[in-house]
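Trainee: Mind having a look at this structure? Questions to follow.
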Amino acid sequence: MKIFTLSAILLLLLLVGLFIPQMQKKSVPGSLVYVRNSQVSVVASPSPSPFLFEELTIPFLRAKKYQSMLGDLEKYSDNGSYGTFLTSYSSDGLKINGLLTQPKGEKPIGGWPAIVFIHGYIPPVSYKTTEKYLDHVDFLARNGFVVFKIDLRGHGNSEGDGSGAYYSSDYIIDTLNAYSALQNANFVNPKKIGLWGHSMAGNVILRTLGVKGDIPAASIWAGAVYTYLDMTELGIQDGSYQPPSNQTERQRRRQLLRDTYGDPKDGNPFWKKVVATNYLSGIKGAIQLNHAIDDDVVSIEYSRGLNRILSGTNIAHELKEYPGGGHNISNPGFTPAMQETVNFFEKYLKN
């Protein structure tokens, strides 16, 4: 009797051993098979979790939604041909401040052409909304453009942390939400909005164009870091840089980024998804590059390199070089550069 019972148990185990693999073969791809008390259950596996630093990539940013509105307009000054206002908008749930100009006179059919104005590196703790770039804003405003000079997150009284441009997507998100806020303003032509940016904003603008290719025009002054390999080769000599208060956490994240994917020159496929020059085919608008030959902070070779890349595409583009003016393209280059910028925006935003 004991021998018969033992044989029956062995036969049962053999049958179960043959049955379970067949059930596993019939399970759906990516499923998990659980056996409990001789009961077989098939459940779906959880979907793959996002990979580390996915938020830096162009595909991730393309899939994200950008929707914002301007806050109340608080009159700041009257400049004859235009008024200046303090306002704000939301970006990633943060309140981002800005200075906005609005031309006087009869509004064109469809609304005024507009420019999202993105500042270069300024230590976030010393940044003020009503300082810096005022001559640039005035020049554009006097020529009939709405100008929205945004205080990127963490700068001045804008909420959030100033995370930097090259290894974060925060400023691209702020730019795209500012663009949406202008599109939703009843005095702006939603199809006639361009971008202007200086220095680190060159990187922000090109990545923004990689995300939203239908922006009609973008003008970059003394821009930096387009292919990321260019930063390895050329560097940036910015004596005004001040480490942020969250430098330790920032350094930790950047070290984790390097530990995970190496540097751009190491060839990890991750970096191809970050670099905007790999997504130029979707850009429909025009790009203007302005750079002073004597720029000792950001080498003019950044702009020349990008210009060569753009020459291999169907993107309308131009490079304007100035013999003097330094990194800010100040006098003697300022007025000629501003006039070239106005001519460019008039061509692509007014015609």
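Please note that chains go A, B, ... in the order of the structure tokens, that every chain numbers its residues from 1, and that ligands are numbered from 1 in the order shown.
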Name the residues in contact with segment 89-92 of chain A at a cut-off of 8 Å, using only C-alpha atoms, excluding same-chain residues fewer than 6 positions from it; report them as a ChimeraX atom specification.
Mentor: /A:68-71,173-174,177-178,181
Trainee: I'd like the neighbourhood of segment 254-267 of chain A as an NGL selection string, where a residue qualifies if any of its atoms comes within 7 Å (using only C-alpha atoms), though same-chain residues fewer than 3 positions away should be ignored.
Mentor: :A and (228-229 or 250-251 or 270-271)
Trainee: Just the selected residues (N, CA and C atoms), exported as a PDB file, in the first residue's frame, please.
Mentor:
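Okay, part_37.pdb is ready:
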```pdb
ATOM      1  N   TYR A 228      27.198  69.103 -27.984  1.00  0.00           N
ATOM      2  CA  TYR A 228      27.806  68.630 -26.736  1.00  0.00           C
ATOM      3  C   TYR A 228      29.264  68.203 -26.952  1.00  0.00           C
ATOM      4  N   LEU A 229      29.589  67.673 -28.106  1.00  0.00           N
ATOM      5  CA  LEU A 229      30.992  67.427 -28.410  1.00  0.00           C
ATOM      6  C   LEU A 229      31.712  68.757 -28.566  1.00  0.00           C
ATOM      7  N   ARG A 250      23.282  69.073  -7.126  1.00  0.00           N
ATOM      8  CA  ARG A 250      23.484  69.207  -8.565  1.00  0.00           C
ATOM      9  C   ARG A 250      24.680  68.382  -9.018  1.00  0.00           C
ATOM     10  N   GLN A 251      25.764  68.438  -8.259  1.00  0.00           N
ATOM     11  CA  GLN A 251      26.950  67.655  -8.582  1.00  0.00           C
ATOM     12  C   GLN A 251      26.667  66.166  -8.482  1.00  0.00           C
ATOM     13  N   PHE A 270      22.236  57.139 -25.467  1.00  0.00           N
ATOM     14  CA  PHE A 270      21.412  58.073 -24.695  1.00  0.00           C
ATOM     15  C   PHE A 270      21.628  59.503 -25.160  1.00  0.00           C
ATOM     16  N   TRP A 271      22.885  59.887 -25.378  1.00  0.00           N
ATOM     17  CA  TRP A 271      23.189  61.277 -25.704  1.00  0.00           C
ATOM     18  C   TRP A 271      22.630  61.682 -27.058  1.00  0.00           C
TER      19      TRP A 271
END
```
Trainee: Need the shell around segment 317-327 of chain A: protein/DNA/RNA residues with any atom at most 9 Å away, counting only C-alpha atoms. Skip same-chain ones fewer than 4 positions apart. Format as an mmCIF file with C-alpha atoms, in the first residue's frame?
Mentor:
```cif
data_model
loop_
_atom_site.group_PDB
_atom_site.id
_atom_site.type_symbol
_atom_site.label_atom_id
_atom_site.label_comp_id
_atom_site.auth_asym_id
_atom_site.auth_seq_id
_atom_site.Cartn_x
_atom_site.Cartn_y
_atom_site.Cartn_z
ATOM 1 C CA SER A 199 24.700 82.485 -24.472
ATOM 2 C CA TRP A 221 23.328 85.682 -29.721
ATOM 3 C CA ALA A 222 26.705 84.185 -28.726
ATOM 4 C CA GLY A 285 11.366 77.759 -39.043
ATOM 5 C CA ALA A 286 14.438 79.933 -39.632
ATOM 6 C CA ILE A 287 17.512 80.295 -37.409
ATOM 7 C CA GLN A 288 19.766 83.337 -37.108
ATOM 8 C CA LEU A 289 23.159 83.162 -35.391
ATOM 9 C CA ASN A 290 24.913 86.320 -34.164
ATOM 10 C CA HIS A 291 28.419 86.237 -32.709
ATOM 11 C CA ALA A 292 31.298 88.633 -32.090
ATOM 12 C CA ILE A 293 34.664 87.423 -33.305
ATOM 13 C CA ASP A 294 36.338 88.693 -30.119
ATOM 14 C CA ASP A 295 33.991 86.782 -27.754
ATOM 15 C CA ASP A 296 36.314 85.474 -25.015
ATOM 16 C CA VAL A 297 33.608 83.617 -23.069
ATOM 17 C CA VAL A 298 31.895 81.519 -25.741
ATOM 18 C CA SER A 299 34.045 80.877 -28.802
ATOM 19 C CA ILE A 300 32.595 81.955 -32.139
ATOM 20 C CA SER A 303 28.188 79.356 -34.031
ATOM 21 C CA ARG A 304 30.382 78.517 -37.008
ATOM 22 C CA ASN A 307 26.129 77.024 -39.153
ATOM 23 C CA LEU A 310 22.586 73.768 -40.740
ATOM 24 C CA SER A 311 24.079 74.199 -44.201
ATOM 25 C CA ASN A 331 29.282 98.480 -28.829
ATOM 26 C CA PRO A 332 30.458 98.710 -31.534
ATOM 27 C CA GLY A 333 28.547 95.546 -32.429
ATOM 28 C CA PHE A 334 25.308 96.142 -30.531
ATOM 29 C CA PRO A 336 24.300 96.475 -36.080
ATOM 30 C CA ALA A 337 23.451 93.163 -34.367
ATOM 31 C CA GLU A 340 20.064 92.442 -38.104
#
```
Trainee: Within 12 Å of Ala165 of chain A, counting only C-alpha atoms, which residues qualify if same-chain residues fewer than 2 places away don't, as a PyMOL selection string?
Mentor: chain A and resi 56+118-122+152-153+161-163+167-175+198-208+223-226+228
Trainee: Which is closer to Phe139 of chain A than all the others in A:Ser281, A:Asn79, A:Gln183, A:Thr248, using only C-alpha atoms?
Mentor: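 Ranked by minimum distance to Phe139 of chain A, first place goes to A:Asn79.
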Trainee: As an mmCIF file with C-alpha atoms, in the first residue's frame, please: all residues of segment 201-350 of chain A that backbone DSSP puts in alpha helix (DSSP H).
Mentor:
```
data_model
loop_
_atom_site.group_PDB
_atom_site.id
_atom_site.type_symbol
_atom_site.label_atom_id
_atom_site.label_comp_id
_atom_site.auth_asym_id
_atom_site.auth_seq_id
_atom_site.Cartn_x
_atom_site.Cartn_y
_atom_site.Cartn_z
ATOM 1 C CA ALA A 201 20.018 80.127 -24.197
ATOM 2 C CA GLY A 202 21.487 79.017 -27.513
ATOM 3 C CA ASN A 203 21.344 75.467 -26.177
ATOM 4 C CA VAL A 204 17.861 76.073 -24.763
ATOM 5 C CA ILE A 205 16.581 77.446 -28.070
ATOM 6 C CA LEU A 206 17.959 74.685 -30.293
ATOM 7 C CA ARG A 207 16.571 71.977 -28.002
ATOM 8 C CA THR A 208 13.252 73.849 -27.911
ATOM 9 C CA LEU A 209 13.185 73.853 -31.714
ATOM 10 C CA GLY A 210 13.935 70.135 -31.666
ATOM 11 C CA VAL A 211 10.801 69.677 -29.554
ATOM 12 C CA LEU A 229 30.992 67.427 -28.410
ATOM 13 C CA ASP A 230 31.597 71.107 -29.140
ATOM 14 C CA MET A 231 31.657 71.825 -25.398
ATOM 15 C CA THR A 232 34.338 69.182 -24.919
ATOM 16 C CA GLU A 233 36.393 70.784 -27.666
ATOM 17 C CA LEU A 234 35.786 74.491 -27.026
ATOM 18 C CA GLN A 247 25.549 72.641 -5.765
ATOM 19 C CA THR A 248 26.083 69.410 -3.826
ATOM 20 C CA GLU A 249 22.829 67.872 -5.075
ATOM 21 C CA ARG A 250 23.484 69.207 -8.565
ATOM 22 C CA GLN A 251 26.950 67.655 -8.582
ATOM 23 C CA ARG A 252 25.544 64.372 -7.314
ATOM 24 C CA ARG A 253 23.012 64.201 -10.150
ATOM 25 C CA ARG A 254 25.566 65.085 -12.784
ATOM 26 C CA GLN A 255 27.920 62.447 -11.449
ATOM 27 C CA LEU A 256 25.084 59.908 -11.581
ATOM 28 C CA LEU A 257 24.438 60.986 -15.175
ATOM 29 C CA ARG A 258 28.095 60.408 -16.068
ATOM 30 C CA ASP A 259 28.239 57.124 -14.189
ATOM 31 C CA THR A 260 25.152 55.913 -16.058
ATOM 32 C CA TYR A 261 25.841 57.120 -19.606
ATOM 33 C CA PRO A 269 23.072 56.137 -27.530
ATOM 34 C CA PHE A 270 21.412 58.073 -24.695
ATOM 35 C CA TRP A 271 23.189 61.277 -25.704
ATOM 36 C CA LYS A 272 21.861 61.059 -29.249
ATOM 37 C CA GLU A 301 33.433 78.427 -33.310
ATOM 38 C CA TYR A 302 30.232 77.258 -31.587
ATOM 39 C CA SER A 303 28.188 79.356 -34.031
ATOM 40 C CA ARG A 304 30.382 78.517 -37.008
ATOM 41 C CA GLY A 305 30.076 74.823 -36.219
ATOM 42 C CA LEU A 306 26.285 74.965 -35.977
ATOM 43 C CA ASN A 307 26.129 77.024 -39.153
ATOM 44 C CA ARG A 308 28.040 74.297 -41.019
ATOM 45 C CA ILE A 309 25.604 71.675 -39.715
ATOM 46 C CA LEU A 310 22.586 73.768 -40.740
ATOM 47 C CA PHE A 334 25.308 96.142 -30.531
ATOM 48 C CA THR A 335 23.371 98.397 -32.910
ATOM 49 C CA PRO A 336 24.300 96.475 -36.080
ATOM 50 C CA ALA A 337 23.451 93.163 -34.367
ATOM 51 C CA MET A 338 20.122 94.462 -33.105
ATOM 52 C CA GLN A 339 19.234 95.805 -36.530
ATOM 53 C CA GLU A 340 20.064 92.442 -38.104
ATOM 54 C CA THR A 341 17.882 90.797 -35.463
ATOM 55 C CA VAL A 342 14.955 93.126 -36.183
ATOM 56 C CA ASN A 343 15.339 92.567 -39.932
ATOM 57 C CA PHE A 344 15.293 88.813 -39.361
ATOM 58 C CA PHE A 345 12.168 88.863 -37.203
#
```
Trainee: Give the answer as one residue: which of A:Asn351, A:Thr227, A:Ser77, A:Thr313 has the shortest atom-to-atom distance to Lys273 of chain A, using only C-alpha atoms?
Mentor: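 So, comparing all the options, the nearest one is A:Thr227.
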